[in-house]
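Listing of entry_3.txt; format and content: compact mmCIF, C-alpha atoms.
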# COMPACT_ATOMS: atom_id res chain seq x y z
CA MET H 12 134.93 103.23 135.30
CA ILE H 13 131.97 100.96 136.00
CA SER H 14 130.58 100.77 139.52
CA ALA H 15 130.52 97.42 141.35
CA ILE H 16 126.95 97.99 142.55
CA PRO H 17 125.22 96.68 139.38
CA PHE H 18 127.35 93.54 139.50
CA ILE H 19 126.54 92.92 143.17
CA VAL H 20 122.82 93.47 142.58
CA LEU H 21 122.87 91.11 139.59
CA LEU H 22 124.77 88.41 141.51
CA VAL H 23 122.21 88.57 144.35
CA ASP H 24 119.43 88.46 141.74
CA ILE H 25 121.02 85.41 140.08
CA ALA H 26 121.32 83.57 143.40
CA VAL H 27 117.70 84.23 144.42
CA ASN H 28 116.23 83.43 141.00
CA PHE H 29 118.38 80.30 140.65
CA TRP H 30 117.06 78.99 143.98
CA ARG H 31 113.46 79.85 142.99
CA ALA H 32 113.83 78.22 139.56
CA ARG H 33 115.18 74.97 141.07
CA ALA H 34 112.44 74.81 143.71
CA LEU H 35 109.71 75.46 141.14
CA HIS H 36 111.23 72.95 138.71
CA ARG H 37 111.19 70.24 141.40
CA ALA H 38 107.58 71.07 142.29
CA ALA H 39 106.59 71.09 138.60
CA ARG H 40 108.25 67.70 138.05
CA ASP H 41 106.61 66.19 141.13
CA THR H 42 103.13 67.51 140.28
CA ARG H 43 103.53 67.51 136.47
CA SER H 44 102.16 71.05 136.49
CA GLN H 45 102.71 73.07 133.34
CA ALA H 46 101.98 76.29 135.22
CA LEU H 47 104.78 75.61 137.70
CA ALA H 48 107.06 74.54 134.85
CA ALA H 49 106.37 77.83 133.07
CA ASP H 50 107.14 79.74 136.26
CA ALA H 51 110.38 77.78 136.74
CA LEU H 52 111.30 78.55 133.13
CA HIS H 53 110.59 82.23 133.78
CA PHE H 54 113.04 82.36 136.71
CA ALA H 55 115.64 80.28 134.84
CA SER H 56 115.46 82.73 131.94
CA ASP H 57 115.92 85.59 134.45
CA VAL H 58 119.12 83.89 135.67
CA LEU H 59 120.45 83.47 132.14
CA GLY H 60 119.43 87.01 131.24
CA SER H 61 121.24 88.40 134.28
CA ILE H 62 124.38 86.46 133.34
CA ALA H 63 124.17 87.92 129.82
CA VAL H 64 123.80 91.42 131.31
CA ILE H 65 126.90 90.91 133.49
CA ILE H 66 128.85 89.79 130.43
CA GLY H 67 127.54 92.80 128.47
CA LEU H 68 128.49 95.20 131.27
CA ALA H 69 131.95 93.64 131.55
CA LEU H 70 132.52 93.89 127.79
CA THR H 71 131.38 97.52 127.83
CA GLY H 72 133.67 98.20 130.79
CA PHE H 73 136.62 96.78 128.85
CA GLY H 74 135.91 99.18 125.98
CA TYR H 75 133.83 96.99 123.68
CA ARG H 76 130.93 99.28 122.80
CA TRP H 77 128.93 96.44 121.25
CA GLY H 78 128.89 94.45 124.54
CA ASP H 79 125.54 95.82 125.72
CA ALA H 80 123.88 95.25 122.33
CA ALA H 81 125.26 91.70 122.15
CA ALA H 82 123.88 90.95 125.63
CA ALA H 83 120.45 92.29 124.61
CA ILE H 84 120.42 90.12 121.47
CA ALA H 85 121.48 87.06 123.48
CA VAL H 86 118.68 87.63 126.01
CA ALA H 87 116.10 88.10 123.23
CA ALA H 88 117.22 84.91 121.44
CA MET H 89 117.18 82.91 124.68
CA ILE H 90 113.68 84.09 125.64
CA SER H 91 112.43 83.30 122.12
CA LEU H 92 113.82 79.76 122.17
CA LEU H 93 112.53 79.00 125.68
CA GLY H 94 109.13 80.48 124.80
CA LEU H 95 108.85 78.31 121.68
CA ARG H 96 109.70 75.22 123.72
CA LEU H 97 107.03 76.03 126.28
CA ALA H 98 104.50 76.88 123.54
CA ARG H 99 105.07 73.48 121.88
CA SER H 100 104.38 71.69 125.15
CA THR H 101 101.25 73.74 125.77
CA VAL H 102 99.89 73.13 122.25
CA GLU H 103 100.46 69.38 122.67
CA THR H 104 98.41 69.50 125.87
CA LEU H 105 95.63 71.52 124.22
CA LEU H 106 95.50 69.01 121.37
CA ASP H 107 95.21 66.12 123.87
CA ARG H 108 98.46 64.59 122.68
CA ALA H 109 99.47 61.78 125.00
CA PRO H 110 103.11 61.08 125.84
CA GLU H 111 104.88 58.43 123.77
CA GLY H 112 103.99 54.85 124.67
CA VAL H 113 101.00 55.65 126.92
CA SER H 114 98.42 54.50 124.34
CA GLU H 115 100.18 51.17 123.89
CA GLN H 116 100.36 50.65 127.67
CA ALA H 117 96.67 51.52 128.02
CA ILE H 118 95.66 49.05 125.27
CA ALA H 119 97.71 46.29 126.90
CA ALA H 120 96.16 47.02 130.31
CA ILE H 121 92.62 47.07 128.88
CA LYS H 122 93.14 43.82 126.95
CA ALA H 123 94.28 42.24 130.22
CA VAL H 124 90.77 42.78 131.64
CA PRO H 125 88.94 39.40 131.60
CA GLY H 126 86.43 39.26 128.76
CA VAL H 127 87.87 42.09 126.66
CA VAL H 128 88.52 40.87 123.13
CA ASP H 129 89.70 44.08 121.47
CA VAL H 130 89.92 47.83 121.85
CA ASP H 131 87.88 49.66 119.21
CA ARG H 132 88.80 53.24 120.05
CA LEU H 133 91.16 54.77 122.57
CA ARG H 134 91.64 58.37 123.63
CA VAL H 135 94.29 59.38 126.18
CA ARG H 136 94.45 62.90 127.64
CA VAL H 137 96.88 64.26 130.19
CA VAL H 138 95.70 66.78 132.77
CA GLY H 139 98.41 67.63 135.26
CA PRO H 140 99.71 64.39 136.76
CA THR H 141 96.69 62.32 135.67
CA HIS H 142 96.13 60.41 132.42
CA PHE H 143 92.46 60.18 131.41
CA ILE H 144 91.68 57.18 129.24
CA ASP H 145 88.46 56.73 127.29
CA ALA H 146 88.07 53.46 125.40
CA ILE H 147 85.45 51.49 123.51
CA VAL H 148 86.09 47.78 123.92
CA LYS H 149 84.78 44.66 122.23
CA VAL H 150 83.53 41.80 124.36
CA PRO H 151 81.84 38.51 123.39
CA ARG H 152 78.04 38.61 122.99
CA THR H 153 77.67 36.15 125.81
CA PHE H 154 79.63 38.31 128.19
CA ARG H 155 77.39 39.56 131.02
CA SER H 156 77.17 43.34 131.37
CA THR H 157 77.24 43.35 135.16
CA ALA H 158 80.31 41.12 135.22
CA SER H 159 81.92 43.42 132.68
CA ARG H 160 81.21 46.54 134.75
CA ARG H 161 82.45 44.92 137.96
CA SER H 162 85.60 43.65 136.27
CA SER H 163 86.38 46.97 134.62
CA ALA H 164 85.68 48.85 137.86
CA ARG H 165 88.11 46.59 139.75
CA ARG H 166 90.71 46.98 137.02
CA SER H 167 90.16 50.74 136.91
CA ARG H 168 90.68 51.07 140.68
CA ARG H 169 93.87 48.99 140.54
CA SER H 170 95.16 50.94 137.55
CA ARG H 171 94.37 54.30 139.14
CA ALA H 172 96.10 53.32 142.36
CA ARG H 173 99.18 52.13 140.48
CA SER H 174 99.64 54.76 137.80
CA GLY H 175 97.51 57.81 138.50
CA CYS H 176 95.34 57.07 135.46
CA ARG H 177 91.57 57.38 135.31
CA SER H 178 89.83 55.21 132.76
CA HIS H 179 86.31 54.80 131.47
CA LEU H 180 85.51 51.71 129.40
CA HIS H 181 82.52 51.51 127.06
CA ARG H 182 81.17 48.34 125.55
CA GLY H 183 81.34 48.73 121.79
CA ALA H 184 78.13 48.56 119.76
CA GLY H 185 79.64 46.04 117.34
CA ARG H 186 80.54 43.20 119.66
CA ALA H 187 83.30 40.79 118.78
CA ARG H 188 82.54 37.31 117.55
CA GLN H 189 83.51 34.38 119.67

Entire entry expressed as structure tokens:
Amino acid sequence: MISAIPFIVLLVDIAVNFWRARALHRAARDTRSQALAADALHFASDVLGSIAVIIGLALTGFGYRWGDAAAAIAVAAMISLLGLRLARSTVETLLDRAPEGVSEQAIAAIKAVPGVVDVDRLRVRVVGPTHFIDAIVKVPRTFRSTASRRSSARRSRRSRARSGCRSHLHRGAGRARQ
């Protein structure tokens, strides 16, 4: 006969880790922190692992000798899949891969700056909740540099306030023709 103590301990463990995983997931979503997301994933996998252990113990208690081994395999598969998902996200961050559609939005916002004719090069990086945008823009030859800097600084402040993005615009060496 199997004791009830392991089941009680596991149920308490599931409740605590479930609460921690939800709180960390909310904080990770609000701050866009990959570290908090990884921690939330860790506690969520603990919850799922504990559920698998309860199922394995129950199967073993009902006479199915393979119940414990099946639970161990299920936990290993789950941790592998969740780890691969987290690794993919981390590699995308390390490779400076911007989320879908951000580059297009940045180009549209930059082209809306008075005097900008085209965007030569654009690089978007995501660090936590902030998008960093580096762009080389084309402006007419007759466009005054000081006006360009003032205009881009105003636009940059408005954009940062609205979207949490930080941008740095460079005047391209090959200026656009008028």

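For the residues H:Met89, H:Leu95, H:Ile16, H:Val135, ranking by smallest atom-to-atom distance to H:Pro110 using all atoms listed in the file places H:Val135 first.
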
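Using only C-alpha atoms for every distance, the candidate list H:Val127, H:Ala46, H:Leu59, H:Ala51 yields H:Leu59 as the residue closest to H:Leu21.
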
Query raised in the report: What gap, in Å, lies between atom CA of H:Ala83 and atom CA of H:Val64?
Result: 7.5 Å

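Proximity to H:Ile66 at 9 Å, evaluated using all atoms listed in the file and with sequence-adjacent residues fewer than 4 positions away removed, yields Ser61, Ile62, Leu70, Thr71, Gly78, Asp79 and Ala82 of chain H.
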
Query raised in the report: Using all atoms listed in the file, which residues sit within 8 Å of H:Asp131 once same-chain residues fewer than 6 positions away are excluded, as a PyMOL selection string?
Result: chain H and resi 146-149+183

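For the pair atom CA of H:Ser100 and atom CA of H:Asp57, the interatomic distance is 20.3 Å.
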
Can you tell me which residues surround H:Gly72 at a distance of at most 7 Å, considering only C-alpha atoms, apart from same-chain residues fewer than 2 positions away, and format the answer as a CSV table (one decimal) with C-alpha atoms, keeping the file's coordinate frame?
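Below you can see selection.csv, which holds the result:
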chain,number,residue,atom,x,y,z
H,12,MET,CA,134.9,103.2,135.3
H,13,ILE,CA,132.0,101.0,136.0
H,68,LEU,CA,128.5,95.2,131.3
H,69,ALA,CA,132.0,93.6,131.6
H,70,LEU,CA,132.5,93.9,127.8
H,74,GLY,CA,135.9,99.2,126.0

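Restricting the calculation to all atoms listed in the file, the smallest distance between H:Phe54 and any of H:Arg99, H:Arg152, H:Arg33, H:Arg40 is found for H:Arg33.
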
Every residue with an atom at most 9 Å from (101.2, 62.6, 131.4) (file coordinates; all atoms listed in the file) is what I'm after, so could you write them as a tab-separated table (two decimals) with C-alpha atoms, keeping the file's coordinate frame?
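Contents of point12.tsv, freshly written:
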chain	number	residue	atom	x	y	z
H	43	ARG	CA	103.53	67.51	136.47
H	109	ALA	CA	99.47	61.78	125.00
H	110	PRO	CA	103.11	61.08	125.84
H	113	VAL	CA	101.00	55.65	126.92
H	136	ARG	CA	94.45	62.90	127.64
H	137	VAL	CA	96.88	64.26	130.19
H	138	VAL	CA	95.70	66.78	132.77
H	139	GLY	CA	98.41	67.63	135.26
H	140	PRO	CA	99.71	64.39	136.76
H	141	THR	CA	96.69	62.32	135.67
H	142	HIS	CA	96.13	60.41	132.42

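Here atom CA of H:Leu35 is placed at a distance of 9.9 Å from atom CA of H:Ala55.
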
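If only C-alpha atoms are the atoms counted, then among H:Asp129, H:Leu97, H:Ser91, H:Ala80 the closest residue to H:Leu47 is H:Leu97.
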
Requested in this report: Take the point (119.0, 84.5, 138.6) in the file's coordinates, draw a sphere of radius 6 Å around it, and report as a PyMOL selection string every protein, DNA or RNA residue with an atom inside or on it, counting all atoms listed in the file.
Outcome: chain H and resi 24-29+57-58
